[in-house]
file entry-v9.pdb (PDB, C-alpha atoms and all ligand atoms)
MODEL        1
ATOM      1  CA  MET S  21     112.958 185.918  92.927
ATOM      2  CA  GLN S  22     116.324 186.267  91.291
ATOM      3  CA  VAL S  23     116.766 185.959  87.536
ATOM      4  CA  ARG S  24     120.311 185.774  86.220
ATOM      5  CA  ASP S  25     121.445 186.033  82.608
ATOM      6  CA  LEU S  26     118.310 184.406  81.248
ATOM      7  CA  ARG S  27     118.592 183.420  77.603
ATOM      8  CA  ILE S  28     115.700 181.945  75.676
ATOM      9  CA  ARG S  29     116.000 180.222  72.295
ATOM     10  CA  CYS S  30     113.672 179.039  69.639
ATOM     11  CA  THR S  31     114.913 175.634  68.482
ATOM     12  CA  PHE S  32     113.239 175.674  65.092
ATOM     13  CA  PRO S  33     114.219 177.830  63.329
ATOM     14  CA  ASP S  34     117.213 178.179  65.596
ATOM     15  CA  SER S  35     117.429 181.707  66.993
ATOM     16  CA  GLU S  36     117.876 183.461  70.316
ATOM     17  CA  LEU S  37     114.802 185.441  71.405
ATOM     18  CA  VAL S  38     115.850 186.747  74.835
ATOM     19  CA  HIS S  39     119.505 187.690  75.230
ATOM     20  CA  GLY S  40     120.467 187.670  78.898
ATOM     21  CA  VAL S  41     117.945 189.136  81.313
ATOM     22  CA  ASN S  42     118.780 189.913  84.945
ATOM     23  CA  PHE S  43     116.464 191.177  87.647
ATOM     24  CA  THR S  44     115.517 190.781  91.268
ATOM     25  CA  LEU S  45     112.034 190.848  92.699
ATOM     26  CA  ARG S  46     112.290 191.732  96.353
ATOM     27  CA  ARG S  47     109.896 190.312  98.941
ATOM     28  CA  GLY S  48     106.848 192.570  98.932
ATOM     29  CA  GLY S  49     108.230 194.517  95.981
ATOM     30  CA  THR S  50     106.633 195.463  92.670
ATOM     31  CA  LEU S  51     108.615 195.143  89.468
ATOM     32  CA  GLY S  52     107.367 196.540  86.178
ATOM     33  CA  ILE S  53     108.461 195.135  82.818
ATOM     34  CA  VAL S  54     107.800 197.453  79.873
ATOM     35  CA  GLY S  55     108.670 197.283  76.226
ATOM     36  CA  GLU S  56     107.179 197.218  72.769
ATOM     37  CA  SER S  57     105.416 194.214  71.282
ATOM     38  CA  GLY S  58     107.796 191.318  70.676
ATOM     39  CA  SER S  59     110.469 192.574  73.090
ATOM     40  CA  GLY S  60     110.421 189.348  75.143
ATOM     41  CA  LYS S  61     108.293 190.313  78.149
ATOM     42  CA  THR S  62     105.921 187.340  77.976
ATOM     43  CA  LEU S  63     108.662 184.807  77.204
ATOM     44  CA  THR S  64     110.617 186.045  80.229
ATOM     45  CA  CYS S  65     107.529 185.510  82.419
ATOM     46  CA  ALA S  66     106.828 182.129  80.823
ATOM     47  CA  ALA S  67     110.392 181.011  81.610
ATOM     48  CA  VAL S  68     109.955 182.055  85.228
ATOM     49  CA  LEU S  69     106.659 180.133  85.400
ATOM     50  CA  GLY S  70     108.072 177.080  83.588
ATOM     51  CA  ILE S  71     105.517 177.384  80.784
ATOM     52  CA  LEU S  72     107.635 178.186  77.724
ATOM     53  CA  PRO S  73     105.875 177.250  74.480
ATOM     54  CA  LYS S  74     106.892 174.253  72.370
ATOM     55  CA  GLN S  75     110.161 174.677  70.498
ATOM     56  CA  VAL S  76     111.176 177.477  72.861
ATOM     57  CA  GLU S  77     113.649 176.721  75.632
ATOM     58  CA  LEU S  78     115.713 178.273  78.341
ATOM     59  CA  SER S  79     119.222 177.967  76.944
ATOM     60  CA  HIS S  80     121.203 179.734  79.654
ATOM     61  CA  GLY S  81     120.888 181.384  83.057
ATOM     62  CA  THR S  82     119.055 180.688  86.277
ATOM     63  CA  VAL S  83     115.773 181.494  87.985
ATOM     64  CA  GLU S  84     115.825 181.287  91.752
ATOM     65  CA  ILE S  85     112.557 181.463  93.658
ATOM     66  CA  PHE S  86     112.823 181.692  97.439
ATOM     67  CA  GLY S  87     116.322 180.260  97.130
ATOM     68  CA  SER S  88     115.404 177.256  94.943
ATOM     69  CA  ASN S  89     116.959 177.049  91.500
ATOM     70  CA  THR S  90     114.160 176.003  89.152
ATOM     71  CA  ALA S  91     116.629 174.465  86.672
ATOM     72  CA  SER S  92     116.569 171.239  88.675
ATOM     73  CA  PHE S  93     112.755 171.104  88.878
ATOM     74  CA  GLY S  94     110.863 168.061  87.665
ATOM     75  CA  LYS S  95     107.232 168.119  86.517
ATOM     76  CA  GLN S  96     105.794 167.675  90.016
ATOM     77  CA  GLN S  97     107.916 170.468  91.504
ATOM     78  CA  TRP S  98     106.665 172.848  88.807
ATOM     79  CA  VAL S  99     103.075 171.819  89.541
ATOM     80  CA  ASP S 100     103.665 172.463  93.249
ATOM     81  CA  LEU S 101     105.318 175.818  92.557
ATOM     82  CA  ARG S 102     102.682 177.179  90.180
ATOM     83  CA  GLY S 103      99.686 178.509  92.048
ATOM     84  CA  ASN S 104     101.064 177.825  95.511
ATOM     85  CA  VAL S 105     104.161 180.019  95.243
ATOM     86  CA  ILE S 106     103.927 181.886  91.959
ATOM     87  CA  SER S 107     100.792 182.620  90.004
ATOM     88  CA  ALA S 108      99.897 184.632  86.922
ATOM     89  CA  VAL S 109      97.080 186.476  85.176
ATOM     90  CA  PHE S 110      97.114 187.345  81.492
ATOM     91  CA  GLN S 111      95.427 189.688  79.072
ATOM     92  CA  ASP S 112      92.324 187.763  78.099
ATOM     93  CA  PRO S 113      90.543 186.540  81.243
ATOM     94  CA  GLY S 114      87.787 184.854  79.231
ATOM     95  CA  SER S 115      90.170 182.330  77.715
ATOM     96  CA  TYR S 116      91.291 181.091  81.133
ATOM     97  CA  LEU S 117      87.766 180.292  82.269
ATOM     98  CA  ASN S 118      85.549 177.439  81.172
ATOM     99  CA  PRO S 119      82.453 178.997  79.540
ATOM    100  CA  SER S 120      80.143 176.176  80.593
ATOM    101  CA  ILE S 121      81.063 175.884  84.286
ATOM    102  CA  ARG S 122      79.766 178.336  86.892
ATOM    103  CA  LEU S 123      82.523 180.746  88.006
ATOM    104  CA  GLY S 124      82.355 179.797  91.687
ATOM    105  CA  LYS S 125      82.806 176.120  90.853
ATOM    106  CA  GLN S 126      85.974 176.897  88.900
ATOM    107  CA  ILE S 127      87.583 178.644  91.871
ATOM    108  CA  ASN S 128      86.368 175.825  94.154
ATOM    109  CA  GLU S 129      88.216 173.375  91.934
ATOM    110  CA  VAL S 130      91.481 175.329  92.313
ATOM    111  CA  LEU S 131      91.051 175.297  96.093
ATOM    112  CA  ARG S 132      90.195 171.601  96.229
ATOM    113  CA  VAL S 133      93.153 170.579  94.054
ATOM    114  CA  LYS S 134      95.759 173.019  95.369
ATOM    115  CA  LYS S 135      94.731 173.314  99.015
ATOM    116  CA  GLY S 136      92.826 170.075  99.569
ATOM    117  CA  LEU S 137      89.745 171.876 100.911
ATOM    118  CA  SER S 138      86.418 170.098 101.319
ATOM    119  CA  ARG S 139      83.449 171.163  99.180
ATOM    120  CA  LYS S 140      81.994 173.266 101.983
ATOM    121  CA  GLN S 141      85.311 174.915 102.926
ATOM    122  CA  ALA S 142      86.026 175.617  99.253
ATOM    123  CA  LYS S 143      82.681 177.386  98.758
ATOM    124  CA  GLN S 144      83.261 179.566 101.816
ATOM    125  CA  GLU S 145      86.769 180.455 100.716
ATOM    126  CA  THR S 146      85.615 181.164  97.134
ATOM    127  CA  LEU S 147      82.991 183.601  98.423
ATOM    128  CA  ARG S 148      85.660 185.269 100.561
ATOM    129  CA  LEU S 149      87.961 185.583  97.540
ATOM    130  CA  LEU S 150      85.196 186.982  95.317
ATOM    131  CA  SER S 151      84.528 189.626  97.902
ATOM    132  CA  ALA S 152      88.284 190.257  98.390
ATOM    133  CA  VAL S 153      88.534 191.215  94.709
ATOM    134  CA  HIS S 154      85.578 193.581  95.256
ATOM    135  CA  LEU S 155      82.922 191.850  93.214
ATOM    136  CA  ARG S 156      79.809 193.485  94.559
ATOM    137  CA  ASP S 157      77.620 190.425  94.909
ATOM    138  CA  PRO S 158      79.847 187.350  95.488
ATOM    139  CA  GLU S 159      76.860 185.005  95.915
ATOM    140  CA  LEU S 160      75.481 186.059  92.537
ATOM    141  CA  VAL S 161      78.852 185.896  90.732
ATOM    142  CA  TYR S 162      79.457 182.457  92.270
ATOM    143  CA  ASP S 163      76.544 181.067  90.255
ATOM    144  CA  GLN S 164      77.183 183.014  87.054
ATOM    145  CA  TYR S 165      78.887 181.963  83.821
ATOM    146  CA  ALA S 166      81.793 183.815  82.201
ATOM    147  CA  HIS S 167      79.663 185.318  79.418
ATOM    148  CA  GLU S 168      77.463 187.083  81.971
ATOM    149  CA  LEU S 169      80.287 189.303  83.277
ATOM    150  CA  SER S 170      82.111 192.346  81.870
ATOM    151  CA  GLY S 171      85.841 192.161  81.053
ATOM    152  CA  GLY S 172      86.801 193.993  84.243
ATOM    153  CA  MET S 173      84.673 191.692  86.408
ATOM    154  CA  LEU S 174      86.101 188.612  84.671
ATOM    155  CA  GLN S 175      89.631 189.809  85.326
ATOM    156  CA  ARG S 176      88.683 190.111  89.015
ATOM    157  CA  VAL S 177      87.426 186.507  88.959
ATOM    158  CA  VAL S 178      90.673 185.350  87.324
ATOM    159  CA  ILE S 179      92.696 187.285  89.933
ATOM    160  CA  ALA S 180      90.637 185.593  92.676
ATOM    161  CA  ALA S 181      91.448 182.190  91.144
ATOM    162  CA  ALA S 182      95.139 183.104  90.796
ATOM    163  CA  ILE S 183      95.496 184.095  94.455
ATOM    164  CA  ALA S 184      93.271 181.254  95.742
ATOM    165  CA  PRO S 185      96.148 178.885  96.604
ATOM    166  CA  GLY S 186      97.914 181.734  98.480
ATOM    167  CA  PRO S 187     100.889 182.436  96.188
ATOM    168  CA  LYS S 188     103.693 184.768  97.246
ATOM    169  CA  ILE S 189     104.388 186.103  93.757
ATOM    170  CA  LEU S 190     101.802 187.255  91.221
ATOM    171  CA  ILE S 191     102.688 188.014  87.621
ATOM    172  CA  ALA S 192     100.205 190.214  85.755
ATOM    173  CA  ASP S 193     101.094 190.054  82.054
ATOM    174  CA  GLU S 194      99.144 192.812  80.266
ATOM    175  CA  ALA S 195      96.337 192.020  82.709
ATOM    176  CA  THR S 196      94.717 195.426  82.287
ATOM    177  CA  THR S 197      95.542 196.103  78.628
ATOM    178  CA  ALA S 198      92.166 195.059  77.195
ATOM    179  CA  LEU S 199      90.182 197.041  79.769
ATOM    180  CA  ASP S 200      89.042 200.616  79.369
ATOM    181  CA  VAL S 201      90.979 203.266  81.253
ATOM    182  CA  THR S 202      88.719 203.533  84.336
ATOM    183  CA  VAL S 203      88.433 199.770  84.803
ATOM    184  CA  GLN S 204      92.178 199.437  84.202
ATOM    185  CA  ALA S 205      92.831 201.857  87.083
ATOM    186  CA  GLU S 206      90.440 199.912  89.326
ATOM    187  CA  VAL S 207      92.161 196.596  88.623
ATOM    188  CA  LEU S 208      95.581 198.174  89.261
ATOM    189  CA  ASP S 209      94.281 199.523  92.582
ATOM    190  CA  LEU S 210      93.059 196.017  93.396
ATOM    191  CA  LEU S 211      96.474 194.502  92.655
ATOM    192  CA  THR S 212      98.169 197.076  94.886
ATOM    193  CA  GLU S 213      95.689 196.413  97.664
ATOM    194  CA  LEU S 214      96.120 192.630  97.379
ATOM    195  CA  LYS S 215      99.871 193.075  97.463
ATOM    196  CA  GLU S 216      99.567 194.693 100.895
ATOM    197  CA  ARG S 217      96.771 192.498 102.246
ATOM    198  CA  GLU S 218      97.877 189.094 100.965
ATOM    199  CA  GLY S 219     101.613 189.852 101.227
ATOM    200  CA  LEU S 220     102.273 189.424  97.513
ATOM    201  CA  SER S 221     105.255 190.463  95.445
ATOM    202  CA  LEU S 222     104.144 191.660  92.016
ATOM    203  CA  VAL S 223     105.509 191.593  88.487
ATOM    204  CA  ILE S 224     103.488 193.938  86.285
ATOM    205  CA  VAL S 225     104.063 193.536  82.560
ATOM    206  CA  SER S 226     102.775 196.271  80.305
ATOM    207  CA  HIS S 227     103.590 198.127  77.138
ATOM    208  CA  ASP S 228     102.228 201.206  78.906
ATOM    209  CA  LEU S 229     104.815 203.053  80.951
ATOM    210  CA  ALA S 230     102.079 204.955  82.800
ATOM    211  CA  VAL S 231     100.701 201.702  84.256
ATOM    212  CA  VAL S 232     104.113 200.698  85.548
ATOM    213  CA  ALA S 233     104.979 204.182  86.803
ATOM    214  CA  GLN S 234     101.842 204.235  88.937
ATOM    215  CA  ILE S 235     102.520 201.153  91.001
ATOM    216  CA  CYS S 236     106.030 199.742  90.552
ATOM    217  CA  ASP S 237     109.091 200.276  92.764
ATOM    218  CA  ASP S 238     111.448 199.116  90.035
ATOM    219  CA  VAL S 239     111.158 199.098  86.295
ATOM    220  CA  LEU S 240     112.848 197.037  83.625
ATOM    221  CA  VAL S 241     112.668 198.234  80.041
ATOM    222  CA  MET S 242     113.072 195.597  77.335
ATOM    223  CA  ARG S 243     113.701 195.943  73.648
ATOM    224  CA  SER S 244     114.383 193.187  71.111
ATOM    225  CA  GLY S 245     115.005 190.600  73.828
ATOM    226  CA  GLU S 246     117.390 192.762  75.815
ATOM    227  CA  ILE S 247     117.196 194.901  78.903
ATOM    228  CA  VAL S 248     117.904 198.475  77.926
ATOM    229  CA  GLU S 249     117.212 199.997  81.317
ATOM    230  CA  TYR S 250     116.659 198.723  84.846
ATOM    231  CA  GLY S 251     116.375 200.572  88.132
ATOM    232  CA  PRO S 252     114.086 202.266  90.653
ATOM    233  CA  THR S 253     111.048 203.692  88.814
ATOM    234  CA  ASP S 254     111.651 207.299  89.971
ATOM    235  CA  GLU S 255     115.242 207.258  88.742
ATOM    236  CA  VAL S 256     114.375 205.686  85.402
ATOM    237  CA  LEU S 257     111.600 208.205  84.781
ATOM    238  CA  GLN S 258     113.596 211.220  85.919
ATOM    239  CA  SER S 259     116.924 210.430  84.322
ATOM    240  CA  PRO S 260     116.655 207.669  81.742
ATOM    241  CA  SER S 261     120.035 206.690  80.379
ATOM    242  CA  ASN S 262     118.839 204.909  77.267
ATOM    243  CA  GLU S 263     117.511 206.547  74.102
ATOM    244  CA  TYR S 264     114.650 204.054  73.802
ATOM    245  CA  THR S 265     113.508 204.737  77.385
ATOM    246  CA  LYS S 266     113.622 208.479  76.648
ATOM    247  CA  LEU S 267     111.429 207.845  73.619
ATOM    248  CA  LEU S 268     108.939 205.834  75.702
ATOM    249  CA  ILE S 269     108.741 208.633  78.256
ATOM    250  CA  SER S 270     108.276 211.353  75.677
ATOM    251  CA  GLU S 271     105.634 209.309  73.843
ATOM    252  CA  HIS S 272     103.819 208.779  77.083
ATOM    253  CA  GLN S 273     103.915 212.508  77.814
ATOM    254  CA  ARG S 274     102.550 213.149  74.361
ATOM    255  CA  TYR S 275      99.776 210.582  74.745
ATOM    256  CA  GLY S 276      99.008 211.856  78.249
ATOM    257  CA  LEU S 277      98.493 215.285  76.728
ATOM    258  CA  ASP S 278      96.356 213.805  73.970
ATOM    259  CA  ARG S 279      94.109 212.231  76.561
ATOM    260  CA  ILE S 280      93.599 215.530  78.379
ATOM    261  CA  ILE S 281      92.830 217.344  75.148
ATOM    262  CA  GLU S 282      90.430 214.560  74.162
ATOM    263  CA  SER S 283      88.569 214.655  77.501
ATOM    264  CA  GLU S 284      88.234 218.445  77.296
ATOM    265  CA  ARG S 285      86.850 218.068  73.806
ATOM    266  CA  LEU S 286      84.299 215.559  75.089
ATOM    267  CA  GLN S 287      83.283 217.889  77.918
ATOM    268  CA  VAL S 288      82.725 220.750  75.473
ATOM    269  CA  ALA S 289      80.642 218.464  73.248
TER
HETATM  270  N1  LIG S 301     106.208 180.144  70.491
HETATM  271  C1  LIG S 301     107.102 180.912  69.896
HETATM  272  N2  LIG S 301     107.894 180.447  68.919
HETATM  273  C2  LIG S 301     108.787 181.226  68.285
HETATM  274  N3  LIG S 301     108.986 182.525  68.585
HETATM  275  C3  LIG S 301     108.245 183.061  69.552
HETATM  276  C4  LIG S 301     107.253 182.305  70.271
HETATM  277  N4  LIG S 301     106.657 183.106  71.173
HETATM  278  C5  LIG S 301     107.231 184.324  71.020
HETATM  279  N5  LIG S 301     108.185 184.302  70.059
HETATM  280  C6  LIG S 301     109.007 185.435  69.621
HETATM  281  O1  LIG S 301     109.778 185.880  70.729
HETATM  282  C7  LIG S 301     109.851 187.304  70.757
HETATM  283  C8  LIG S 301     109.341 187.795  72.101
HETATM  284  O2  LIG S 301     107.955 187.484  72.232
HETATM  285  P1  LIG S 301     107.102 187.864  73.522
HETATM  286  O3  LIG S 301     105.776 187.230  73.357
HETATM  287  O4  LIG S 301     107.873 187.524  74.734
HETATM  288  O5  LIG S 301     106.973 189.449  73.378
HETATM  289  P2  LIG S 301     106.195 190.482  74.296
HETATM  290  O6  LIG S 301     107.179 191.510  74.727
HETATM  291  O7  LIG S 301     105.440 189.774  75.343
HETATM  292  O8  LIG S 301     105.201 191.165  73.241
HETATM  293  P3  LIG S 301     103.683 191.690  73.422
HETATM  294  O9  LIG S 301     103.799 193.069  73.999
HETATM  295  O10 LIG S 301     103.146 191.701  72.035
HETATM  296  O11 LIG S 301     102.954 190.729  74.310
HETATM  297  C9  LIG S 301     109.048 187.797  69.570
HETATM  298  O12 LIG S 301     109.928 188.075  68.545
HETATM  299  C10 LIG S 301     108.160 186.626  69.231
HETATM  300  O13 LIG S 301     107.882 186.606  67.841
HETATM  301 MG    MG S 302     103.385 189.588  75.776
ENDMDL
END
call {"tool": "encode", "arguments": {"input": "entry-v9.pdb", "output": "structure tokens", "more": "lines below"}}
Ligand SMILES: Nc1ncnc2c1ncn2[C@@H]1O[C@H](COP(=O)(O)OP(=O)(O)OP(=O)(O)O)[C@@H](O)[C@H]1O
Ligand SMILES: [Mg+2]
result
Amino acid sequence: MQVRDLRIRCTFPDSELVHGVNFTLRRGGTLGIVGESGSGKTLTCAAVLGILPKQVELSHGTVEIFGSNTASFGKQQWVDLRGNVISAVFQDPGSYLNPSIRLGKQINEVLRVKKGLSRKQAKQETLRLLSAVHLRDPELVYDQYAHELSGGMLQRVVIAAAIAPGPKILIADEATTALDVTVQAEVLDLLTELKEREGLSLVIVSHDLAVVAQICDDVLVMRSGEIVEYGPTDEVLQSPSNEYTKLLISEHQRYGLDRIIESERLQVA
């Protein structure tokens, strides 16, 4: 995926929200997008997915996915692209699931619509996916409702649904933010594993530099709708050129230390 000089505007009131973003997601690569709240991370992803909110539009630049420029896409081409080629998971898994339909049925529906599977094939594939995202008892989860699962388990279900049509690119926008630290690490491990096993390229969006540092090859730092730093993760972490990136790194080091102190305090208690 190649994004060139992406500019995003709000039409009412008229203002530019994202001021020229460039990046490349290599096949099989993992790109991290970090930045404070309101820096334009989600809008950038929404533009790539063709799901910008009302009154927000792509005013300039191009998004190329496997060589196709999405600027020329009609409604049907977007529908074909989403799920089959590029898929996404967001922060609040509960809001993407229907509370009154059993979880297995919801993934079945994705498979029937996107892959044209029969009822029987869809059930088999759903069970395979639920086990691929390491839900311990796929048969049980298949028949459960969203309210019966923890946040971490729900995010696994949503990831299973997102990869069901066999996309090549998965965007995880703050997908682990609401989870506690241990579960967050488990879901990140899952994403890394799926990347290898299902041949995915990943975009990991987070305000937490530590999350991105753990699993991304490249990192893009955004602030106020602009890219302030972009490069291989090691280089950015070791020799950041921008003051804001330096601040993010030092804050992270400080918070990292806080966490260690806190856990020692808990052990003593
Ligand atoms: N629907 C919208 N209409 C108008 N402005 C919007 C809309 N959505 C987002 N914005 C503005 O665009 C800017 C970027 O928002 P965006 O949601 O992309 O930030 P973000 O980096 O994802 O933040 P967060 O870390 O809080 O998720 C913000 O200033 C936000 O207020
Ligand atoms: Mg966001």
call {"tool": "residues_around", "arguments": {"input": "entry-v9.pdb", "residues": "S:Ile179", "least_positions_apart": "5", "cutoff": "12 Å", "atoms": "all atoms listed in the file", "output": "compact mmCIF listing (two decimals) with C-alpha atoms, in the frame of the given file"}}
result
# COMPACT_ATOMS: atom_id res chain seq x y z
CA GLY S 103 99.69 178.51 92.05
CA SER S 107 100.79 182.62 90.00
CA ALA S 108 99.90 184.63 86.92
CA VAL S 109 97.08 186.48 85.18
CA PHE S 110 97.11 187.34 81.49
CA GLN S 111 95.43 189.69 79.07
CA ASP S 112 92.32 187.76 78.10
CA PRO S 113 90.54 186.54 81.24
CA TYR S 116 91.29 181.09 81.13
CA LEU S 117 87.77 180.29 82.27
CA ILE S 127 87.58 178.64 91.87
CA THR S 146 85.62 181.16 97.13
CA LEU S 149 87.96 185.58 97.54
CA LEU S 150 85.20 186.98 95.32
CA SER S 151 84.53 189.63 97.90
CA ALA S 152 88.28 190.26 98.39
CA VAL S 153 88.53 191.22 94.71
CA HIS S 154 85.58 193.58 95.26
CA LEU S 155 82.92 191.85 93.21
CA GLY S 172 86.80 193.99 84.24
CA MET S 173 84.67 191.69 86.41
CA LEU S 174 86.10 188.61 84.67
CA ALA S 184 93.27 181.25 95.74
CA PRO S 185 96.15 178.88 96.60
CA GLY S 186 97.91 181.73 98.48
CA PRO S 187 100.89 182.44 96.19
CA LEU S 190 101.80 187.26 91.22
CA ILE S 191 102.69 188.01 87.62
CA ALA S 192 100.20 190.21 85.76
CA ASP S 193 101.09 190.05 82.05
CA ALA S 195 96.34 192.02 82.71
CA THR S 196 94.72 195.43 82.29
CA VAL S 207 92.16 196.60 88.62
CA LEU S 208 95.58 198.17 89.26
CA LEU S 210 93.06 196.02 93.40
CA LEU S 211 96.47 194.50 92.66
CA LEU S 214 96.12 192.63 97.38
CA LYS S 215 99.87 193.08 97.46
call {"tool": "resolve_selection", "arguments": {"input": "entry-v9.pdb", "expression": "the PyMOL selection byres (((not hetatm)) within 12 of (chain S and resi 302))", "output": "PyMOL selection string"}}
result
chain S and resi 53-66+109-112+191-195+197+224-227+242+245
call {"tool": "write_last_selection", "arguments": {"input": "entry-v9.pdb", "atoms": "C-alpha atoms", "output": "CSV table (one decimal), keeping the file's coordinate frame"}}
result
chain,number,residue,atom,x,y,z
S,53,ILE,CA,108.5,195.1,82.8
S,54,VAL,CA,107.8,197.5,79.9
S,55,GLY,CA,108.7,197.3,76.2
S,56,GLU,CA,107.2,197.2,72.8
S,57,SER,CA,105.4,194.2,71.3
S,58,GLY,CA,107.8,191.3,70.7
S,59,SER,CA,110.5,192.6,73.1
S,60,GLY,CA,110.4,189.3,75.1
S,61,LYS,CA,108.3,190.3,78.1
S,62,THR,CA,105.9,187.3,78.0
S,63,LEU,CA,108.7,184.8,77.2
S,64,THR,CA,110.6,186.0,80.2
S,65,CYS,CA,107.5,185.5,82.4
S,66,ALA,CA,106.8,182.1,80.8
S,109,VAL,CA,97.1,186.5,85.2
S,110,PHE,CA,97.1,187.3,81.5
S,111,GLN,CA,95.4,189.7,79.1
S,112,ASP,CA,92.3,187.8,78.1
S,191,ILE,CA,102.7,188.0,87.6
S,192,ALA,CA,100.2,190.2,85.8
S,193,ASP,CA,101.1,190.1,82.1
S,194,GLU,CA,99.1,192.8,80.3
S,195,ALA,CA,96.3,192.0,82.7
S,197,THR,CA,95.5,196.1,78.6
S,224,ILE,CA,103.5,193.9,86.3
S,225,VAL,CA,104.1,193.5,82.6
S,226,SER,CA,102.8,196.3,80.3
S,227,HIS,CA,103.6,198.1,77.1
S,242,MET,CA,113.1,195.6,77.3
S,245,GLY,CA,115.0,190.6,73.8
call {"tool": "closest_residue", "arguments": {"input": "entry-v9.pdb", "among": "S:Arg24, S:Leu51, S:Lys95, S:Thr31", "to": "S:Val241", "atoms": "only C-alpha atoms"}}
result
S:Leu51
call {"tool": "closest_residue", "arguments": {"input": "entry-v9.pdb", "among": "S:Ser244, S:Ser92, S:Gln234, S:Gln258", "to": "ligand LIG 301 (chain S)", "atoms": "only C-alpha atoms and all ligand atoms"}}
result
S:Ser244
call {"tool": "atom_distance", "arguments": {"input": "entry-v9.pdb", "atom1": "atom C10 of ligand LIG 301 (chain S)", "atom2": "atom CA of S:Ser261"}}
result
25.8 Å
call {"tool": "atom_distance", "arguments": {"input": "entry-v9.pdb", "atom1": "atom CA of S:Glu129", "atom2": "atom CA of S:Glu218"}}
result
20.5 Å
call {"tool": "resolve_selection", "arguments": {"input": "entry-v9.pdb", "expression": "the PyMOL selection byres (((chain S and resi 22) around 10) and not hetatm)", "output": "VMD selection string"}}
result
chain S and resid 21 23 to 24 42 to 46 68 82 to 89
call {"tool": "residues_around", "arguments": {"input": "entry-v9.pdb", "residues": "S:Arg29", "least_positions_apart": "5", "cutoff": "12 Å", "atoms": "all atoms listed in the file", "output": "ChimeraX atom specification"}}
result
/S:34-40,60,63-64,67,72-81,245
call {"tool": "closest_residue", "arguments": {"input": "entry-v9.pdb", "among": "S:Ile247, S:Leu131, S:Leu257, S:Ala230", "to": "ligand LIG 301 (chain S)", "atoms": "all atoms listed in the file"}}
result
S:Ile247
call {"tool": "closest_residue", "arguments": {"input": "entry-v9.pdb", "among": "S:Gly124, S:Asp25, S:Arg132, S:Glu206", "to": "S:Ala180", "atoms": "all atoms listed in the file"}}
result
S:Gly124
call {"tool": "atom_distance", "arguments": {"input": "entry-v9.pdb", "atom1": "atom CA of S:Phe32", "atom2": "atom N2 of ligand LIG 301 (chain S)"}}
result
8.1 Å
